[in-house]
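Chemist: Structure file model02.txt (compact mmCIF, C-alpha atoms) right here:
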# COMPACT_ATOMS: atom_id res chain seq x y z
CA MET A 21 256.83 43.75 346.98
CA SER A 22 253.86 42.02 345.34
CA PRO A 23 252.46 43.62 342.20
CA PRO A 24 249.07 45.38 342.52
CA LEU A 25 245.82 43.57 341.87
CA ILE A 26 244.48 43.40 338.34
CA TYR A 27 240.95 44.80 338.30
CA GLN A 28 238.02 45.77 336.09
CA SER A 29 236.32 49.16 336.37
CA SER A 30 232.84 49.85 335.03
CA GLY A 31 229.76 51.98 335.54
CA ASN A 32 229.57 55.66 336.42
CA ASP A 33 232.97 57.07 337.43
CA GLU A 34 231.24 60.04 339.06
CA ALA A 35 229.08 57.88 341.33
CA LYS A 36 229.75 56.13 344.60
CA THR A 37 232.29 53.30 344.29
CA ILE A 38 231.49 49.67 345.13
CA LEU A 39 234.42 47.26 345.57
CA PHE A 40 233.51 43.61 344.96
CA LEU A 41 235.65 40.85 346.54
CA HIS A 42 235.13 37.39 345.05
CA GLY A 43 235.17 33.94 346.62
CA GLY A 44 238.04 31.49 346.58
CA GLY A 45 239.10 29.56 343.51
CA VAL A 46 237.33 31.81 341.01
CA ALA A 47 237.97 35.46 340.05
CA GLY A 48 236.25 38.78 339.59
CA TRP A 49 234.01 37.39 336.82
CA MET A 50 231.77 35.81 339.45
CA TRP A 51 230.39 39.32 340.08
CA ASP A 52 229.33 39.90 336.46
CA PRO A 53 225.58 39.31 337.05
CA VAL A 54 225.51 41.70 340.03
CA VAL A 55 227.75 44.37 338.51
CA ALA A 56 225.57 44.42 335.38
CA ARG A 57 222.65 45.48 337.60
CA LEU A 58 224.59 48.23 339.40
CA GLN A 59 226.07 50.17 336.50
CA ASP A 60 224.76 53.47 337.87
CA PHE A 61 227.50 53.06 340.52
CA HIS A 62 231.25 52.97 339.96
CA CYS A 63 232.17 49.29 340.23
CA LEU A 64 235.70 48.03 340.97
CA VAL A 65 236.20 44.29 340.64
CA PRO A 66 239.71 42.99 341.37
CA ASP A 67 241.08 39.49 340.98
CA MET A 68 242.46 38.73 344.43
CA PRO A 69 246.01 37.47 345.08
CA GLU A 70 246.85 34.15 343.36
CA HIS A 71 243.55 34.28 341.46
CA GLY A 72 242.66 35.02 337.86
CA LEU A 73 244.80 37.76 336.36
CA SER A 74 246.43 38.47 339.74
CA MET A 75 248.24 35.11 339.94
CA ASP A 76 251.60 36.92 340.25
CA THR A 77 250.40 38.72 343.38
CA ARG A 78 251.21 36.11 346.00
CA PRO A 79 251.02 34.31 348.32
CA PHE A 80 247.33 34.51 349.09
CA THR A 81 246.81 35.66 352.67
CA MET A 82 243.95 37.64 354.16
CA GLU A 83 246.38 40.37 355.12
CA LEU A 84 247.86 40.75 351.63
CA ALA A 85 244.44 40.62 349.99
CA ALA A 86 243.06 43.26 352.38
CA ASN A 87 246.08 45.54 352.00
CA GLN A 88 246.00 45.34 348.22
CA ALA A 89 242.25 45.90 348.09
CA ALA A 90 242.52 48.91 350.40
CA GLU A 91 245.25 50.37 348.21
CA LEU A 92 243.05 49.92 345.15
CA VAL A 93 240.28 51.87 346.90
CA ARG A 94 242.67 54.68 347.84
CA GLU A 95 243.90 54.97 344.27
CA ARG A 96 240.76 54.34 342.20
CA ALA A 97 237.62 54.84 344.29
CA ARG A 98 235.74 58.11 344.17
CA GLY A 99 236.94 60.13 347.14
CA GLY A 100 239.24 57.32 348.24
CA LYS A 101 236.39 55.38 349.87
CA ALA A 102 234.15 52.54 348.73
CA VAL A 103 231.26 50.35 349.70
CA VAL A 104 232.99 46.99 350.16
CA VAL A 105 231.03 43.85 349.21
CA GLY A 106 232.59 40.45 349.90
CA LEU A 107 231.37 36.88 349.52
CA SER A 108 232.91 33.77 351.16
CA GLU A 109 236.71 34.25 351.15
CA GLY A 110 236.04 37.74 349.82
CA ALA A 111 233.86 38.33 352.88
CA GLN A 112 236.76 37.30 355.12
CA VAL A 113 238.95 39.80 353.28
CA ALA A 114 236.27 42.45 353.87
CA VAL A 115 236.38 41.68 357.61
CA GLN A 116 240.16 42.03 357.56
CA MET A 117 239.76 45.39 355.79
CA LEU A 118 237.33 46.54 358.47
CA ALA A 119 240.01 45.79 361.04
CA THR A 120 243.02 47.25 359.23
CA ALA A 121 241.71 49.92 356.86
CA PRO A 122 238.25 51.09 358.02
CA GLU A 123 239.00 54.58 356.75
CA VAL A 124 238.58 53.44 353.13
CA ILE A 125 235.20 51.75 353.75
CA GLU A 126 231.98 53.71 353.57
CA ARG A 127 229.73 50.70 354.12
CA ALA A 128 230.30 46.94 354.04
CA VAL A 129 228.26 43.91 352.99
CA VAL A 130 229.78 40.72 354.41
CA SER A 131 228.22 37.55 352.99
CA SER A 132 229.13 34.15 354.49
CA ALA A 133 232.43 34.93 356.22
CA VAL A 134 233.40 31.94 358.35
CA LEU A 135 235.18 33.13 361.49
CA LEU A 136 235.04 29.99 363.61
CA PRO A 137 236.55 26.49 363.20
CA LEU A 138 234.50 24.15 361.03
CA PRO A 139 233.88 20.94 363.01
CA GLY A 140 235.82 18.03 361.53
CA TYR A 141 237.84 20.20 359.16
CA GLY A 142 241.00 20.62 361.25
CA TRP A 143 242.94 18.57 358.70
CA LEU A 144 242.61 21.48 356.25
CA SER A 145 245.38 23.26 358.16
CA SER A 146 248.03 20.75 357.09
CA PRO A 147 250.03 22.06 354.08
CA ARG A 148 251.41 18.60 353.29
CA LEU A 149 247.98 17.00 353.27
CA LEU A 150 246.52 19.85 351.20
CA SER A 151 249.34 19.49 348.68
CA TRP A 152 248.54 15.79 348.37
CA ILE A 153 244.83 16.53 347.91
CA PHE A 154 245.66 19.06 345.20
CA ARG A 155 247.84 16.59 343.29
CA MET A 156 245.12 13.95 343.45
CA SER A 157 242.13 16.15 342.59
CA ILE A 158 243.25 18.94 340.24
CA PRO A 159 246.06 18.08 337.74
CA PRO A 160 244.57 14.71 336.66
CA PHE A 161 241.25 16.39 335.80
CA ARG A 162 242.34 19.58 334.03
CA LYS A 163 240.92 18.28 330.72
CA ASN A 164 238.01 16.29 332.14
CA GLU A 165 234.96 18.31 331.14
CA TRP A 166 232.54 16.09 333.09
CA TRP A 167 234.53 16.43 336.32
CA MET A 168 234.92 20.19 335.98
CA ARG A 169 231.22 20.67 335.32
CA LEU A 170 230.31 18.45 338.28
CA ASN A 171 232.68 20.35 340.55
CA MET A 172 231.40 23.70 339.32
CA LYS A 173 227.75 22.79 339.91
CA TYR A 174 227.91 20.91 343.19
CA SER A 175 230.90 22.49 344.91
CA ALA A 176 230.65 26.10 343.77
CA ALA A 177 227.01 26.47 342.63
CA ILE A 178 228.12 28.35 339.52
CA PRO A 179 225.56 28.55 336.69
CA GLU A 180 226.33 26.74 333.45
CA ASP A 181 226.72 30.02 331.53
CA TYR A 182 229.97 30.63 333.43
CA TYR A 183 231.57 27.29 332.65
CA PRO A 184 234.22 28.80 330.31
CA GLN A 185 235.45 31.12 333.06
CA TYR A 186 235.35 28.39 335.69
CA ARG A 187 237.18 25.98 333.39
CA ALA A 188 239.91 28.54 332.70
CA ASN A 189 240.45 29.13 336.42
CA PHE A 190 240.43 25.41 337.21
CA GLN A 191 243.07 24.76 334.57
CA ILE A 192 245.49 27.42 335.85
CA MET A 193 245.03 26.66 339.56
CA THR A 194 248.39 26.07 341.20
CA GLU A 195 249.32 24.00 344.21
CA SER A 196 250.43 27.17 346.00
CA GLN A 197 247.09 28.85 345.37
CA PHE A 198 245.12 25.81 346.53
CA VAL A 199 247.13 25.36 349.73
CA ASN A 200 247.39 29.04 350.65
CA LEU A 201 243.72 29.69 350.04
CA LEU A 202 242.46 26.80 352.16
CA ILE A 203 244.85 27.52 355.02
CA ALA A 204 243.93 31.21 355.04
CA ASN A 205 240.24 30.35 354.93
CA GLN A 206 240.37 27.82 357.76
CA GLN A 207 242.68 29.79 360.04
CA PHE A 208 240.96 33.16 359.75
CA ARG A 209 239.37 34.40 362.96
CA MET A 210 237.59 37.57 363.92
CA PRO A 211 240.06 40.43 364.54
CA GLY A 212 240.09 41.77 368.05
CA ASN A 213 239.72 45.50 367.38
CA LEU A 214 236.36 45.61 365.62
CA GLY A 215 234.64 47.21 368.60
CA LYS A 216 236.07 50.56 367.51
CA VAL A 217 234.94 50.24 363.88
CA THR A 218 231.76 52.24 363.25
CA VAL A 219 231.36 51.42 359.54
CA PRO A 220 227.71 50.51 358.81
CA THR A 221 227.84 46.80 358.01
CA LEU A 222 225.34 44.23 356.79
CA VAL A 223 226.36 40.70 357.78
CA VAL A 224 224.52 37.79 356.15
CA ALA A 225 224.64 34.04 355.60
CA GLY A 226 222.30 31.49 354.06
CA LYS A 227 219.43 30.06 356.06
CA HIS A 228 220.60 26.56 355.08
CA GLU A 229 224.32 27.13 355.71
CA TYR A 230 226.27 25.42 358.46
CA THR A 231 225.51 26.45 362.02
CA VAL A 232 229.09 27.67 362.42
CA MET A 233 228.55 30.08 359.51
CA LYS A 234 225.41 31.52 361.08
CA GLU A 235 227.18 31.78 364.43
CA SER A 236 229.99 33.68 362.68
CA VAL A 237 227.36 36.15 361.45
CA ARG A 238 225.98 36.52 364.95
CA GLN A 239 229.36 37.13 366.54
CA LEU A 240 230.58 39.53 363.86
CA ALA A 241 227.42 41.63 364.06
CA ALA A 242 227.74 41.70 367.86
CA ALA A 243 231.37 42.84 367.65
CA LEU A 244 230.71 45.71 365.23
CA PRO A 245 228.89 48.68 366.85
CA ASN A 246 226.98 49.58 363.69
CA ALA A 247 226.10 46.21 362.17
CA GLN A 248 222.95 44.23 361.45
CA ALA A 249 222.67 40.48 360.90
CA LYS A 250 220.34 38.73 358.46
CA LEU A 251 219.75 35.32 356.92
CA ILE A 252 219.34 34.73 353.18
CA ASP A 253 216.19 32.77 352.33
CA LEU A 254 215.79 32.06 348.61
CA GLY A 255 212.52 30.25 349.20
CA GLU A 256 211.30 26.81 348.21
CA GLY A 257 213.97 24.65 346.63
CA SER A 258 216.81 26.64 348.10
CA SER A 259 219.94 24.98 349.46
CA MET A 260 223.17 25.74 351.26
CA ARG A 261 225.21 26.00 348.07
CA LEU A 262 222.68 28.25 346.27
CA GLU A 263 222.45 30.59 349.25
CA HIS A 264 226.20 30.66 349.76
CA ASN A 265 226.74 31.77 346.15
CA TRP A 266 223.58 33.87 345.89
CA ALA A 267 225.45 36.56 343.95
CA MET A 268 225.36 34.24 340.94
CA ASN A 269 222.14 32.35 341.66
CA ALA A 270 219.95 35.28 342.75
CA PRO A 271 221.69 38.35 341.27
CA ASP A 272 218.53 40.47 341.24
CA GLN A 273 218.07 40.02 344.98
CA PHE A 274 221.79 40.45 345.69
CA ALA A 275 222.04 43.67 343.68
CA GLN A 276 218.86 45.03 345.26
CA THR A 277 220.25 44.24 348.70
CA VAL A 278 223.45 46.17 347.98
CA ARG A 279 221.54 49.08 346.42
CA ASN A 280 219.02 49.38 349.25
CA PHE A 281 221.72 49.13 351.91
CA ILE A 282 223.66 51.94 350.23
CA ILE A 283 220.73 54.32 349.84
CA GLY A 284 219.11 53.43 353.16
CA ASP A 285 215.94 51.77 351.85
CA GLY A 286 214.39 48.72 353.45
CA LEU A 287 216.17 45.48 352.71
CA PRO A 288 214.51 43.02 350.27
CA GLY A 289 212.28 40.25 351.55
CA VAL A 290 214.91 37.64 350.67
CA LEU A 291 216.63 38.67 353.92
CA CYS A 292 215.03 37.54 357.15
CA PRO A 293 215.98 37.93 360.85
CA LEU A 294 218.82 35.83 362.19
CA GLU A 295 217.32 32.95 364.15
Spell out the structure here as structure tokens.

Modeler:
Amino acid sequence: MSPPLIYQSSGNDEAKTILFLHGGGVAGWMWDPVVARLQDFHCLVPDMPEHGLSMDTRPFTMELAANQAAELVRERARGGKAVVVGLSEGAQVAVQMLATAPEVIERAVVSSAVLLPLPGYGWLSSPRLLSWIFRMSIPPFRKNEWWMRLNMKYSAAIPEDYYPQYRANFQIMTESQFVNLLIANQQFRMPGNLGKVTVPTLVVAGKHEYTVMKESVRQLAAALPNAQAKLIDLGEGSSMRLEHNWAMNAPDQFAQTVRNFIIGDGLPGVLCPLE
């Protein structure tokens, strides 16, 4: 049996619990800007399997991540239920939780969960090829500050203030983590039983993201009986990478979106109708 996820707890233990599920290749620290703005809630922020302090919880699969996250909610969330907020791979885990453990979810915010094949990326399902890519692109650059900063900025859209955390995660990344994460990400598809899941869900993706990402939003919102679909528009100068990681690049708007969705207020203007 895999050990439980390592997590951080903050905020008001007597308030509603929000569970934050991070994207691939980083860890729970990516939520710091958002969590800092939601301290009137009870915030649970785990490191997912084969990430951060949960490296011994492995291998990374959507099923293991969802099961472990659901167990954390049962044990630590107020009343055994939480508002689940996921971004990127964390959003895929949130979808898996909706399918397998909807009883622990009060509401869900699913941001940029790809549920359809990415055109031209079929090669990402080959473990041997992914292992080769890892050996060529990670170990030789573990001490290359320029490369890590370039990767952080242009691949992950992580602000410079978080370079120490990104660098630490880059340096401990294992071949197993790299391969398992990419295979799980590319092979994940929408579960078939979501039509019975009545959890209120907000499904979003960036206005500039790939068409397949926006189509994933459309199909997920159509499958869930109590879901709404929106696009993230950060305005002039925005881009796919900034919108994809808007939790770190627009934390005020992200936190306000989560807050308003929880309390039932109108959503911020940064969210627009799905085209």

Chemist: Set the distance at 12 Å and use only C-alpha atoms: which residues neighbour Pro147 (chain A) once local chain neighbours fewer than 2 positions away are removed? I'd like the list as a list of chain:residue names.

Modeler: A:Gly142, A:Trp143, A:Leu144, A:Ser145, A:Leu149, A:Leu150, A:Ser151, A:Trp152, A:Ile153, A:Phe154, A:Glu195, A:Ser196, A:Gln197, A:Phe198, A:Val199, A:Asn200, A:Leu201, A:Leu202, A:Ile203, A:Ala204, A:Gln206

Chemist: Looking at all atoms listed in the file, which of A:Val103, A:Ala119, A:Leu41, A:Leu64 is the one that sits closest to Lys216 (chain A)?

Modeler: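 Closest to Lys216 (chain A), using all atoms listed in the file: A:Ala119.
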
Chemist: For Ser175 (chain A), please output as a list in words all residues within 10 Å (counting all atoms listed in the file; exclusion window: fewer than 5 positions along the same chain).

Modeler: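 Using all atoms listed in the file, the neighbours found are Arg169, Leu170 and Arg261 of chain A.
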
Chemist: Do a neighbour search on Thr120 (chain A) at 12 Å with all atoms listed in the file, toss out local chain neighbours closer than 3 positions, and write the hits as a ChimeraX atom specification.

Modeler: /A:82-91,113-117,123-125,211-214,216-217

Chemist: Out of A:Lys250, A:Arg57, A:Lys234, A:Arg98, which residue has the shortest atom-to-atom distance to Lys36 (chain A) when counting all atoms listed in the file?

Modeler: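 Nearest to Lys36 (chain A): A:Arg98.
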
Chemist: Which distance in Å separates CA of Cys292 (chain A) and CA of Leu251 (chain A), to one decimal?

Modeler: 5.2 Å

Chemist: From the list A:Trp266, A:Phe80, A:Phe61, A:Tyr230, which residue is nearest Leu138 (chain A) when using only C-alpha atoms?

Modeler: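 Among the listed residues, A:Tyr230 lies closest to Leu138 (chain A).
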
Chemist: Record the distance separating CA of Cys63 (chain A) and CA of Arg187 (chain A), expressed in Å with one decimal.

Modeler: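 Taking CA of Cys63 (chain A) and CA of Arg187 (chain A), their separation equals 24.8 Å.
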
Chemist: Would you compute the distance between CA of His62 (chain A) and CA of Arg96 (chain A)? Give it in Å to one decimal.

Modeler: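 CA of Arg96 (chain A) lies 9.9 Å from CA of His62 (chain A).
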
Chemist: Out of A:Val219, A:Gly255, A:Val232, A:Arg94, which residue has the shortest atom-to-atom distance to Glu126 (chain A) when counting only C-alpha atoms?

Modeler: A:Val219

Chemist: Which polymer residues have any atom within 8 Å of an atom of Met168 (chain A), counting only C-alpha atoms, with same-chain residues fewer than 4 positions away left out, as a count of residues only?

Modeler: 6

Chemist: Measuring between all atoms listed in the file, which one of A:Val278, A:Met268, A:Ile192, A:Leu291 shows the shortest distance to Leu254 (chain A)?

Modeler: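 So, comparing all the options, the nearest one is A:Leu291.
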